[in-house]
$ cat protein.cif   # mmCIF, N, CA and C atoms
data_model
loop_
_atom_site.label_atom_id
_atom_site.label_comp_id
_atom_site.auth_asym_id
_atom_site.auth_seq_id
_atom_site.Cartn_x
_atom_site.Cartn_y
_atom_site.Cartn_z
N MET A 1 -16.11 -4.43 -15.65
CA MET A 1 -16.51 -5.65 -14.99
C MET A 1 -15.71 -6.84 -15.52
N GLU A 2 -15.41 -6.81 -16.79
CA GLU A 2 -14.64 -7.91 -17.38
C GLU A 2 -13.24 -7.98 -16.75
N ASP A 3 -12.61 -6.84 -16.53
CA ASP A 3 -11.29 -6.83 -15.87
C ASP A 3 -11.39 -7.40 -14.46
N PHE A 4 -12.47 -7.09 -13.76
CA PHE A 4 -12.68 -7.63 -12.42
C PHE A 4 -12.82 -9.15 -12.49
N TYR A 5 -13.60 -9.62 -13.44
CA TYR A 5 -13.83 -11.07 -13.59
C TYR A 5 -12.52 -11.81 -13.87
N TYR A 6 -11.70 -11.25 -14.75
CA TYR A 6 -10.46 -11.92 -15.14
C TYR A 6 -9.28 -11.60 -14.22
N GLY A 7 -9.54 -10.89 -13.13
CA GLY A 7 -8.48 -10.60 -12.16
C GLY A 7 -7.47 -9.57 -12.62
N ARG A 8 -7.88 -8.74 -13.57
CA ARG A 8 -6.97 -7.71 -14.08
C ARG A 8 -7.18 -6.36 -13.40
N LEU A 9 -8.02 -6.32 -12.39
CA LEU A 9 -8.32 -5.07 -11.70
C LEU A 9 -7.35 -4.93 -10.53
N ARG A 10 -6.45 -3.98 -10.64
CA ARG A 10 -5.44 -3.75 -9.60
C ARG A 10 -5.39 -2.25 -9.28
N PRO A 11 -6.24 -1.80 -8.36
CA PRO A 11 -6.32 -0.37 -8.07
C PRO A 11 -5.00 0.23 -7.58
N ASN A 12 -4.19 -0.57 -6.87
CA ASN A 12 -2.93 -0.04 -6.37
C ASN A 12 -1.97 0.36 -7.49
N GLU A 13 -2.12 -0.23 -8.67
CA GLU A 13 -1.26 0.11 -9.79
C GLU A 13 -1.68 1.43 -10.45
N LEU A 14 -2.88 1.89 -10.14
CA LEU A 14 -3.37 3.13 -10.72
C LEU A 14 -2.94 4.36 -9.92
N VAL A 15 -2.48 4.13 -8.70
CA VAL A 15 -2.10 5.24 -7.83
C VAL A 15 -0.70 5.71 -8.18
N LYS A 16 -0.60 6.97 -8.54
CA LYS A 16 0.69 7.59 -8.86
C LYS A 16 0.87 8.77 -7.92
N PRO A 17 1.53 8.55 -6.76
CA PRO A 17 1.67 9.62 -5.78
C PRO A 17 2.39 10.85 -6.37
N SER A 18 1.74 11.99 -6.28
CA SER A 18 2.36 13.22 -6.77
C SER A 18 2.54 14.23 -5.64
N ASP A 19 2.23 13.81 -4.43
CA ASP A 19 2.39 14.66 -3.26
C ASP A 19 3.88 14.96 -3.06
N PRO A 20 4.24 16.23 -3.01
CA PRO A 20 5.66 16.58 -2.81
C PRO A 20 6.24 15.99 -1.52
N GLU A 21 5.44 15.88 -0.48
CA GLU A 21 5.91 15.31 0.78
C GLU A 21 6.29 13.84 0.60
N PHE A 22 5.50 13.11 -0.18
CA PHE A 22 5.80 11.71 -0.49
C PHE A 22 7.14 11.62 -1.21
N GLN A 23 7.34 12.49 -2.16
CA GLN A 23 8.59 12.48 -2.93
C GLN A 23 9.79 12.84 -2.05
N LYS A 24 9.62 13.79 -1.12
CA LYS A 24 10.69 14.15 -0.20
C LYS A 24 11.08 12.97 0.69
N ILE A 25 10.08 12.29 1.20
CA ILE A 25 10.34 11.14 2.07
C ILE A 25 11.09 10.06 1.31
N ASN A 26 10.66 9.77 0.09
CA ASN A 26 11.34 8.74 -0.70
C ASN A 26 12.77 9.15 -1.02
N GLN A 27 13.01 10.43 -1.24
CA GLN A 27 14.37 10.91 -1.50
C GLN A 27 15.24 10.72 -0.25
N LYS A 28 14.68 11.01 0.92
CA LYS A 28 15.42 10.82 2.17
C LYS A 28 15.75 9.34 2.41
N ILE A 29 14.80 8.48 2.08
CA ILE A 29 15.05 7.03 2.21
C ILE A 29 16.20 6.61 1.30
N THR A 30 16.18 7.07 0.07
CA THR A 30 17.23 6.75 -0.89
C THR A 30 18.59 7.23 -0.39
N GLU A 31 18.62 8.46 0.10
CA GLU A 31 19.88 9.01 0.61
C GLU A 31 20.38 8.23 1.83
N SER A 32 19.48 7.86 2.72
CA SER A 32 19.86 7.11 3.91
C SER A 32 20.38 5.72 3.54
N LEU A 33 19.72 5.08 2.60
CA LEU A 33 20.19 3.76 2.16
C LEU A 33 21.58 3.85 1.52
N GLN A 34 21.80 4.90 0.76
CA GLN A 34 23.11 5.07 0.13
C GLN A 34 24.19 5.27 1.20
N MET A 35 23.88 6.05 2.23
CA MET A 35 24.81 6.28 3.31
C MET A 35 25.13 4.96 4.03
N LEU A 36 24.09 4.17 4.32
CA LEU A 36 24.30 2.88 4.98
C LEU A 36 25.12 1.93 4.11
N LYS A 37 24.86 1.97 2.82
CA LYS A 37 25.59 1.09 1.91
C LYS A 37 27.08 1.41 1.93
N GLU A 38 27.40 2.68 2.07
CA GLU A 38 28.80 3.09 2.12
C GLU A 38 29.46 2.74 3.46
N GLN A 39 28.67 2.71 4.53
CA GLN A 39 29.22 2.48 5.87
C GLN A 39 29.27 1.00 6.24
N PHE A 40 28.34 0.21 5.76
CA PHE A 40 28.24 -1.19 6.16
C PHE A 40 29.00 -2.09 5.21
N SER A 41 29.34 -3.27 5.72
CA SER A 41 29.90 -4.30 4.84
C SER A 41 28.77 -4.79 3.92
N GLU A 42 29.15 -5.55 2.93
CA GLU A 42 28.14 -6.07 1.98
C GLU A 42 27.13 -6.95 2.70
N GLU A 43 27.60 -7.80 3.62
CA GLU A 43 26.71 -8.69 4.35
C GLU A 43 25.76 -7.91 5.27
N GLU A 44 26.30 -6.88 5.92
CA GLU A 44 25.46 -6.06 6.81
C GLU A 44 24.39 -5.33 6.01
N PHE A 45 24.78 -4.81 4.87
CA PHE A 45 23.81 -4.08 4.06
C PHE A 45 22.75 -5.01 3.49
N GLU A 46 23.11 -6.25 3.21
CA GLU A 46 22.11 -7.23 2.76
C GLU A 46 21.05 -7.43 3.83
N GLN A 47 21.46 -7.41 5.10
CA GLN A 47 20.50 -7.54 6.20
C GLN A 47 19.56 -6.33 6.23
N VAL A 48 20.09 -5.15 5.97
CA VAL A 48 19.25 -3.95 5.92
C VAL A 48 18.24 -4.08 4.78
N GLU A 49 18.69 -4.55 3.64
CA GLU A 49 17.79 -4.73 2.50
C GLU A 49 16.70 -5.76 2.81
N LYS A 50 17.06 -6.84 3.50
CA LYS A 50 16.07 -7.84 3.89
C LYS A 50 15.04 -7.25 4.84
N LEU A 51 15.51 -6.41 5.76
CA LEU A 51 14.60 -5.74 6.68
C LEU A 51 13.62 -4.84 5.92
N PHE A 52 14.12 -4.09 4.94
CA PHE A 52 13.26 -3.24 4.13
C PHE A 52 12.25 -4.07 3.33
N ASP A 53 12.68 -5.21 2.83
CA ASP A 53 11.77 -6.09 2.10
C ASP A 53 10.65 -6.59 3.01
N LEU A 54 11.02 -6.99 4.23
CA LEU A 54 10.00 -7.45 5.18
C LEU A 54 9.03 -6.32 5.54
N GLN A 55 9.56 -5.12 5.72
CA GLN A 55 8.71 -3.97 6.04
C GLN A 55 7.77 -3.67 4.87
N SER A 56 8.27 -3.79 3.66
CA SER A 56 7.45 -3.58 2.48
C SER A 56 6.33 -4.62 2.38
N ASP A 57 6.67 -5.87 2.66
CA ASP A 57 5.66 -6.93 2.66
C ASP A 57 4.59 -6.66 3.70
N SER A 58 5.01 -6.24 4.88
CA SER A 58 4.07 -5.92 5.96
C SER A 58 3.15 -4.77 5.55
N ASN A 59 3.74 -3.72 4.96
CA ASN A 59 2.94 -2.58 4.51
C ASN A 59 1.93 -2.97 3.43
N SER A 60 2.35 -3.85 2.53
CA SER A 60 1.45 -4.31 1.47
C SER A 60 0.27 -5.07 2.04
N LEU A 61 0.55 -5.94 3.01
CA LEU A 61 -0.54 -6.69 3.63
C LEU A 61 -1.49 -5.76 4.38
N GLN A 62 -0.94 -4.78 5.09
CA GLN A 62 -1.77 -3.82 5.81
C GLN A 62 -2.63 -3.02 4.85
N SER A 63 -2.05 -2.60 3.73
CA SER A 63 -2.81 -1.86 2.73
C SER A 63 -3.95 -2.69 2.16
N ALA A 64 -3.66 -3.96 1.89
CA ALA A 64 -4.70 -4.84 1.35
C ALA A 64 -5.83 -5.03 2.35
N LEU A 65 -5.48 -5.23 3.62
CA LEU A 65 -6.50 -5.39 4.65
C LEU A 65 -7.33 -4.12 4.82
N SER A 66 -6.68 -2.97 4.75
CA SER A 66 -7.40 -1.69 4.85
C SER A 66 -8.34 -1.50 3.66
N PHE A 67 -7.87 -1.87 2.47
CA PHE A 67 -8.70 -1.76 1.28
C PHE A 67 -9.94 -2.65 1.40
N ILE A 68 -9.72 -3.88 1.84
CA ILE A 68 -10.84 -4.82 1.99
C ILE A 68 -11.84 -4.30 3.01
N GLN A 69 -11.35 -3.81 4.15
CA GLN A 69 -12.24 -3.28 5.17
C GLN A 69 -13.02 -2.08 4.66
N GLY A 70 -12.35 -1.19 3.95
CA GLY A 70 -13.02 -0.02 3.39
C GLY A 70 -14.07 -0.42 2.36
N TYR A 71 -13.75 -1.40 1.54
CA TYR A 71 -14.70 -1.88 0.53
C TYR A 71 -15.94 -2.46 1.21
N ARG A 72 -15.71 -3.24 2.25
CA ARG A 72 -16.85 -3.82 2.99
C ARG A 72 -17.72 -2.74 3.61
N MET A 73 -17.06 -1.75 4.22
CA MET A 73 -17.83 -0.66 4.83
C MET A 73 -18.66 0.08 3.78
N GLY A 74 -18.05 0.32 2.63
CA GLY A 74 -18.76 0.99 1.55
C GLY A 74 -19.94 0.17 1.06
N ALA A 75 -19.74 -1.13 0.94
CA ALA A 75 -20.82 -2.00 0.49
C ALA A 75 -21.96 -2.01 1.51
N LEU A 76 -21.60 -2.06 2.79
CA LEU A 76 -22.64 -2.02 3.83
C LEU A 76 -23.41 -0.70 3.81
N MET A 77 -22.70 0.39 3.55
CA MET A 77 -23.39 1.68 3.44
C MET A 77 -24.36 1.69 2.27
N MET A 78 -23.94 1.11 1.15
CA MET A 78 -24.82 1.07 -0.03
C MET A 78 -26.05 0.21 0.27
N ILE A 79 -25.87 -0.89 0.98
CA ILE A 79 -27.02 -1.74 1.35
C ILE A 79 -27.98 -0.92 2.19
N GLU A 80 -27.43 -0.19 3.14
CA GLU A 80 -28.27 0.62 4.01
C GLU A 80 -29.01 1.70 3.22
N VAL A 81 -28.33 2.31 2.25
CA VAL A 81 -28.97 3.33 1.42
C VAL A 81 -30.10 2.73 0.60
N PHE A 82 -29.84 1.62 -0.06
CA PHE A 82 -30.86 1.00 -0.90
C PHE A 82 -31.99 0.38 -0.08
N LYS A 83 -31.68 -0.04 1.11
CA LYS A 83 -32.71 -0.59 1.99
C LYS A 83 -33.71 0.50 2.37
N GLY A 84 -33.23 1.73 2.50
CA GLY A 84 -34.13 2.84 2.78
C GLY A 84 -34.61 2.89 4.21
N ASP A 85 -33.85 2.32 5.12
CA ASP A 85 -34.22 2.31 6.53
C ASP A 85 -33.97 3.69 7.11
N SER A 86 -35.02 4.45 7.29
CA SER A 86 -34.86 5.84 7.80
C SER A 86 -34.39 5.87 9.25
N GLU A 87 -34.64 4.80 9.99
CA GLU A 87 -34.21 4.76 11.38
C GLU A 87 -32.69 4.73 11.50
N SER A 88 -32.02 4.06 10.58
CA SER A 88 -30.57 3.94 10.68
C SER A 88 -29.87 5.21 10.25
N VAL A 89 -30.58 6.13 9.61
CA VAL A 89 -29.98 7.39 9.17
C VAL A 89 -29.87 8.36 10.35
N LYS A 90 -30.75 8.24 11.30
CA LYS A 90 -30.77 9.18 12.43
C LYS A 90 -29.61 9.02 13.30
#
$ encode --input "protein.cif" --output "structure tokens"
Amino acid sequence: MEDFYYGRLRPNELVKPSDPEFQKINQKITESLQMLKEQFSEEEFEQVEKLFDLQSDSNSLQSALSFIQGYRMGALMMIEVFKGDSESVK
């Protein structure tokens, strides 16, 4: 609770993807970027990097919104459980 209070709670930093499919995809991304870097001029490749940065920012915002929505849904479920309303269980 103290970490939550002081803003040190960052669940996304605790996730360490070990799924082999995740690792394969990241390897393909790395290889594709290397290929583009070799084919494009420096200025063109900078544009590709900017695009990836924007996509990363978009993904981060989407993840945060999904986390918040999931947290809210979980909290509402807990309220319903503690409320003990048998009608809402049916």
$ atom_distance --input "protein.cif" --atom1 "atom C of A:Glu42" --atom2 "atom N of A:Ser63"
29.5 Å
$ residues_around --input "protein.cif" --residues "A:Glu46" --least-positions-apart "5" --cutoff "12 Å" --atoms "only C-alpha atoms" --output "PyMOL selection string"
chain A and resi 33+36-37+40-41+51-53
$ atom_distance --input "protein.cif" --atom1 "atom CA of A:Ser60" --atom2 "atom N of A:Glu13"
11.5 Å
$ select_by_dssp --input "protein.cif" --residues "chain A" --states "helix (DSSP H, G or I)" --output "CSV table (one decimal) with N, CA and C atoms, keeping the file's coordinate frame"
chain,number,residue,atom,x,y,z
A,2,GLU,N,-15.4,-6.8,-16.8
A,2,GLU,CA,-14.6,-7.9,-17.4
A,2,GLU,C,-13.2,-8.0,-16.8
A,3,ASP,N,-12.6,-6.8,-16.5
A,3,ASP,CA,-11.3,-6.8,-15.9
A,3,ASP,C,-11.4,-7.4,-14.5
A,4,PHE,N,-12.5,-7.1,-13.8
A,4,PHE,CA,-12.7,-7.6,-12.4
A,4,PHE,C,-12.8,-9.2,-12.5
A,5,TYR,N,-13.6,-9.6,-13.4
A,5,TYR,CA,-13.8,-11.1,-13.6
A,5,TYR,C,-12.5,-11.8,-13.9
A,11,PRO,N,-6.2,-1.8,-8.4
A,11,PRO,CA,-6.3,-0.4,-8.1
A,11,PRO,C,-5.0,0.2,-7.6
A,12,ASN,N,-4.2,-0.6,-6.9
A,12,ASN,CA,-2.9,0.0,-6.4
A,12,ASN,C,-2.0,0.4,-7.5
A,13,GLU,N,-2.1,-0.2,-8.7
A,13,GLU,CA,-1.3,0.1,-9.8
A,13,GLU,C,-1.7,1.4,-10.4
A,20,PRO,N,4.2,16.2,-3.0
A,20,PRO,CA,5.7,16.6,-2.8
A,20,PRO,C,6.2,16.0,-1.5
A,21,GLU,N,5.4,15.9,-0.5
A,21,GLU,CA,5.9,15.3,0.8
A,21,GLU,C,6.3,13.8,0.6
A,22,PHE,N,5.5,13.1,-0.2
A,22,PHE,CA,5.8,11.7,-0.5
A,22,PHE,C,7.1,11.6,-1.2
A,23,GLN,N,7.3,12.5,-2.2
A,23,GLN,CA,8.6,12.5,-2.9
A,23,GLN,C,9.8,12.8,-2.0
A,24,LYS,N,9.6,13.8,-1.1
A,24,LYS,CA,10.7,14.2,-0.2
A,24,LYS,C,11.1,13.0,0.7
A,25,ILE,N,10.1,12.3,1.2
A,25,ILE,CA,10.3,11.1,2.1
A,25,ILE,C,11.1,10.1,1.3
A,26,ASN,N,10.7,9.8,0.1
A,26,ASN,CA,11.3,8.7,-0.7
A,26,ASN,C,12.8,9.2,-1.0
A,27,GLN,N,13.0,10.4,-1.2
A,27,GLN,CA,14.4,10.9,-1.5
A,27,GLN,C,15.2,10.7,-0.2
A,28,LYS,N,14.7,11.0,0.9
A,28,LYS,CA,15.4,10.8,2.2
A,28,LYS,C,15.8,9.3,2.4
A,29,ILE,N,14.8,8.5,2.1
A,29,ILE,CA,15.0,7.0,2.2
A,29,ILE,C,16.2,6.6,1.3
A,30,THR,N,16.2,7.1,0.1
A,30,THR,CA,17.2,6.8,-0.9
A,30,THR,C,18.6,7.2,-0.4
A,31,GLU,N,18.6,8.5,0.1
A,31,GLU,CA,19.9,9.0,0.6
A,31,GLU,C,20.4,8.2,1.8
A,32,SER,N,19.5,7.9,2.7
A,32,SER,CA,19.9,7.1,3.9
A,32,SER,C,20.4,5.7,3.5
A,33,LEU,N,19.7,5.1,2.6
A,33,LEU,CA,20.2,3.8,2.2
A,33,LEU,C,21.6,3.8,1.5
A,34,GLN,N,21.8,4.9,0.8
A,34,GLN,CA,23.1,5.1,0.1
A,34,GLN,C,24.2,5.3,1.2
A,35,MET,N,23.9,6.0,2.2
A,35,MET,CA,24.8,6.3,3.3
A,35,MET,C,25.1,5.0,4.0
A,36,LEU,N,24.1,4.2,4.3
A,36,LEU,CA,24.3,2.9,5.0
A,36,LEU,C,25.1,1.9,4.1
A,37,LYS,N,24.9,2.0,2.8
A,37,LYS,CA,25.6,1.1,1.9
A,37,LYS,C,27.1,1.4,1.9
A,38,GLU,N,27.4,2.7,2.1
A,38,GLU,CA,28.8,3.1,2.1
A,38,GLU,C,29.5,2.7,3.5
A,39,GLN,N,28.7,2.7,4.5
A,39,GLN,CA,29.2,2.5,5.9
A,39,GLN,C,29.3,1.0,6.2
A,42,GLU,N,29.2,-5.6,2.9
A,42,GLU,CA,28.1,-6.1,2.0
A,42,GLU,C,27.1,-7.0,2.7
A,43,GLU,N,27.6,-7.8,3.6
A,43,GLU,CA,26.7,-8.7,4.4
A,43,GLU,C,25.8,-7.9,5.3
A,44,GLU,N,26.3,-6.9,5.9
A,44,GLU,CA,25.5,-6.1,6.8
A,44,GLU,C,24.4,-5.3,6.0
A,45,PHE,N,24.8,-4.8,4.9
A,45,PHE,CA,23.8,-4.1,4.1
A,45,PHE,C,22.8,-5.0,3.5
A,46,GLU,N,23.1,-6.2,3.2
A,46,GLU,CA,22.1,-7.2,2.8
A,46,GLU,C,21.0,-7.4,3.8
A,47,GLN,N,21.5,-7.4,5.1
A,47,GLN,CA,20.5,-7.5,6.2
A,47,GLN,C,19.6,-6.3,6.2
A,48,VAL,N,20.1,-5.2,6.0
A,48,VAL,CA,19.2,-4.0,5.9
A,48,VAL,C,18.2,-4.1,4.8
A,49,GLU,N,18.7,-4.6,3.6
A,49,GLU,CA,17.8,-4.7,2.5
A,49,GLU,C,16.7,-5.8,2.8
A,50,LYS,N,17.1,-6.8,3.5
A,50,LYS,CA,16.1,-7.8,3.9
A,50,LYS,C,15.0,-7.2,4.8
A,51,LEU,N,15.5,-6.4,5.8
A,51,LEU,CA,14.6,-5.7,6.7
A,51,LEU,C,13.6,-4.8,5.9
A,52,PHE,N,14.1,-4.1,4.9
A,52,PHE,CA,13.3,-3.2,4.1
A,52,PHE,C,12.2,-4.1,3.3
A,53,ASP,N,12.7,-5.2,2.8
A,53,ASP,CA,11.8,-6.1,2.1
A,53,ASP,C,10.6,-6.6,3.0
A,54,LEU,N,11.0,-7.0,4.2
A,54,LEU,CA,10.0,-7.4,5.2
A,54,LEU,C,9.0,-6.3,5.5
A,55,GLN,N,9.6,-5.1,5.7
A,55,GLN,CA,8.7,-4.0,6.0
A,55,GLN,C,7.8,-3.7,4.9
A,56,SER,N,8.3,-3.8,3.7
A,56,SER,CA,7.4,-3.6,2.5
A,56,SER,C,6.3,-4.6,2.4
A,57,ASP,N,6.7,-5.9,2.7
A,57,ASP,CA,5.7,-6.9,2.7
A,57,ASP,C,4.6,-6.7,3.7
A,58,SER,N,5.0,-6.2,4.9
A,58,SER,CA,4.1,-5.9,6.0
A,58,SER,C,3.2,-4.8,5.6
A,59,ASN,N,3.7,-3.7,5.0
A,59,ASN,CA,2.9,-2.6,4.5
A,59,ASN,C,1.9,-3.0,3.4
A,60,SER,N,2.4,-3.8,2.5
A,60,SER,CA,1.4,-4.3,1.5
A,60,SER,C,0.3,-5.1,2.0
A,61,LEU,N,0.6,-5.9,3.0
A,61,LEU,CA,-0.5,-6.7,3.6
A,61,LEU,C,-1.5,-5.8,4.4
A,62,GLN,N,-0.9,-4.8,5.1
A,62,GLN,CA,-1.8,-3.8,5.8
A,62,GLN,C,-2.6,-3.0,4.8
A,63,SER,N,-2.0,-2.6,3.7
A,63,SER,CA,-2.8,-1.9,2.7
A,63,SER,C,-4.0,-2.7,2.2
A,64,ALA,N,-3.7,-4.0,1.9
A,64,ALA,CA,-4.7,-4.8,1.4
A,64,ALA,C,-5.8,-5.0,2.4
A,65,LEU,N,-5.5,-5.2,3.6
A,65,LEU,CA,-6.5,-5.4,4.6
A,65,LEU,C,-7.3,-4.1,4.8
A,66,SER,N,-6.7,-3.0,4.8
A,66,SER,CA,-7.4,-1.7,4.8
A,66,SER,C,-8.3,-1.5,3.7
A,67,PHE,N,-7.9,-1.9,2.5
A,67,PHE,CA,-8.7,-1.8,1.3
A,67,PHE,C,-9.9,-2.6,1.4
A,68,ILE,N,-9.7,-3.9,1.8
A,68,ILE,CA,-10.8,-4.8,2.0
A,68,ILE,C,-11.8,-4.3,3.0
A,69,GLN,N,-11.4,-3.8,4.2
A,69,GLN,CA,-12.2,-3.3,5.2
A,69,GLN,C,-13.0,-2.1,4.7
A,70,GLY,N,-12.4,-1.2,4.0
A,70,GLY,CA,-13.0,0.0,3.4
A,70,GLY,C,-14.1,-0.4,2.4
A,71,TYR,N,-13.8,-1.4,1.5
A,71,TYR,CA,-14.7,-1.9,0.5
A,71,TYR,C,-15.9,-2.5,1.2
A,72,ARG,N,-15.7,-3.2,2.2
A,72,ARG,CA,-16.8,-3.8,3.0
A,72,ARG,C,-17.7,-2.7,3.6
A,73,MET,N,-17.1,-1.8,4.2
A,73,MET,CA,-17.8,-0.7,4.8
A,73,MET,C,-18.7,0.1,3.8
A,74,GLY,N,-18.0,0.3,2.6
A,74,GLY,CA,-18.8,1.0,1.6
A,74,GLY,C,-19.9,0.2,1.1
A,75,ALA,N,-19.7,-1.1,0.9
A,75,ALA,CA,-20.8,-2.0,0.5
A,75,ALA,C,-22.0,-2.0,1.5
A,76,LEU,N,-21.6,-2.1,2.8
A,76,LEU,CA,-22.6,-2.0,3.8
A,76,LEU,C,-23.4,-0.7,3.8
A,77,MET,N,-22.7,0.4,3.6
A,77,MET,CA,-23.4,1.7,3.4
A,77,MET,C,-24.4,1.7,2.3
A,78,MET,N,-23.9,1.1,1.2
A,78,MET,CA,-24.8,1.1,0.0
A,78,MET,C,-26.0,0.2,0.3
A,79,ILE,N,-25.9,-0.9,1.0
A,79,ILE,CA,-27.0,-1.7,1.4
A,79,ILE,C,-28.0,-0.9,2.2
A,80,GLU,N,-27.4,-0.2,3.1
A,80,GLU,CA,-28.3,0.6,4.0
A,80,GLU,C,-29.0,1.7,3.2
A,81,VAL,N,-28.3,2.3,2.2
A,81,VAL,CA,-29.0,3.3,1.4
A,81,VAL,C,-30.1,2.7,0.6
A,82,PHE,N,-29.8,1.6,-0.1
A,82,PHE,CA,-30.9,1.0,-0.9
A,82,PHE,C,-32.0,0.4,-0.1
A,83,LYS,N,-31.7,0.0,1.1
A,83,LYS,CA,-32.7,-0.6,2.0
A,83,LYS,C,-33.7,0.5,2.4
A,86,SER,N,-35.0,4.4,7.3
A,86,SER,CA,-34.9,5.8,7.8
A,86,SER,C,-34.4,5.9,9.2
A,87,GLU,N,-34.6,4.8,10.0
A,87,GLU,CA,-34.2,4.8,11.4
A,87,GLU,C,-32.7,4.7,11.5
A,88,SER,N,-32.0,4.1,10.6
A,88,SER,CA,-30.6,3.9,10.7
A,88,SER,C,-29.9,5.2,10.2
A,89,VAL,N,-30.6,6.1,9.6
A,89,VAL,CA,-30.0,7.4,9.2
A,89,VAL,C,-29.9,8.4,10.4
$ atom_distance --input "protein.cif" --atom1 "atom N of A:Tyr71" --atom2 "atom N of A:Lys24"
28.0 Å
$ decode --input "protein.cif" --residues "stretch 68-74 of chain A" --atoms "all heavy atoms" --output "JSON list (two decimals), in the first residue's frame"
[["chain", "number", "residue", "atom", "x", "y", "z"],
["A", 68, "ILE", "N", -7.02, 0.38, -16.82],
["A", 68, "ILE", "CA", -7.97, 1.15, -16.01],
["A", 68, "ILE", "C", -9.36, 0.55, -16.11],
["A", 68, "ILE", "O", -10.05, 0.37, -15.10],
["A", 68, "ILE", "CB", -7.96, 2.63, -16.44],
["A", 68, "ILE", "CG1", -6.63, 3.28, -16.04],
["A", 68, "ILE", "CG2", -9.14, 3.39, -15.83],
["A", 68, "ILE", "CD1", -6.38, 4.62, -16.70],
["A", 69, "GLN", "N", -9.79, 0.22, -17.33],
["A", 69, "GLN", "CA", -11.12, -0.37, -17.51],
["A", 69, "GLN", "C", -11.23, -1.71, -16.79],
["A", 69, "GLN", "O", -12.23, -2.00, -16.14],
["A", 69, "GLN", "CB", -11.43, -0.54, -19.00],
["A", 69, "GLN", "CG", -12.81, -1.08, -19.28],
["A", 69, "GLN", "CD", -13.92, -0.16, -18.77],
["A", 69, "GLN", "OE1", -13.76, 1.05, -18.72],
["A", 69, "GLN", "NE2", -15.03, -0.74, -18.40],
["A", 70, "GLY", "N", -10.21, -2.53, -16.90],
["A", 70, "GLY", "CA", -10.20, -3.82, -16.21],
["A", 70, "GLY", "C", -10.24, -3.66, -14.70],
["A", 70, "GLY", "O", -10.94, -4.41, -14.00],
["A", 71, "TYR", "N", -9.50, -2.69, -14.19],
["A", 71, "TYR", "CA", -9.48, -2.43, -12.75],
["A", 71, "TYR", "C", -10.87, -2.00, -12.28],
["A", 71, "TYR", "O", -11.36, -2.47, -11.25],
["A", 71, "TYR", "CB", -8.44, -1.34, -12.44],
["A", 71, "TYR", "CG", -8.16, -1.20, -10.98],
["A", 71, "TYR", "CD1", -7.17, -1.95, -10.38],
["A", 71, "TYR", "CD2", -8.90, -0.31, -10.19],
["A", 71, "TYR", "CE1", -6.90, -1.82, -9.02],
["A", 71, "TYR", "CE2", -8.64, -0.18, -8.84],
["A", 71, "TYR", "CZ", -7.64, -0.93, -8.26],
["A", 71, "TYR", "OH", -7.40, -0.81, -6.93],
["A", 72, "ARG", "N", -11.49, -1.12, -13.05],
["A", 72, "ARG", "CA", -12.84, -0.67, -12.69],
["A", 72, "ARG", "C", -13.84, -1.83, -12.70],
["A", 72, "ARG", "O", -14.67, -1.94, -11.80],
["A", 72, "ARG", "CB", -13.31, 0.41, -13.66],
["A", 72, "ARG", "CG", -12.64, 1.74, -13.45],
["A", 72, "ARG", "CD", -13.13, 2.76, -14.44],
["A", 72, "ARG", "NE", -12.51, 4.06, -14.16],
["A", 72, "ARG", "CZ", -12.32, 4.99, -15.06],
["A", 72, "ARG", "NH1", -12.71, 4.80, -16.31],
["A", 72, "ARG", "NH2", -11.75, 6.12, -14.74],
["A", 73, "MET", "N", -13.75, -2.66, -13.72],
["A", 73, "MET", "CA", -14.66, -3.82, -13.79],
["A", 73, "MET", "C", -14.45, -4.74, -12.59],
["A", 73, "MET", "O", -15.41, -5.23, -11.99],
["A", 73, "MET", "CB", -14.44, -4.58, -15.09],
["A", 73, "MET", "CG", -14.97, -3.86, -16.31],
["A", 73, "MET", "SD", -14.54, -4.69, -17.87],
["A", 73, "MET", "CE", -15.40, -6.24, -17.65],
["A", 74, "GLY", "N", -13.19, -4.96, -12.24],
["A", 74, "GLY", "CA", -12.89, -5.81, -11.09],
["A", 74, "GLY", "C", -13.42, -5.21, -9.80],
["A", 74, "GLY", "O", -13.98, -5.91, -8.95]]
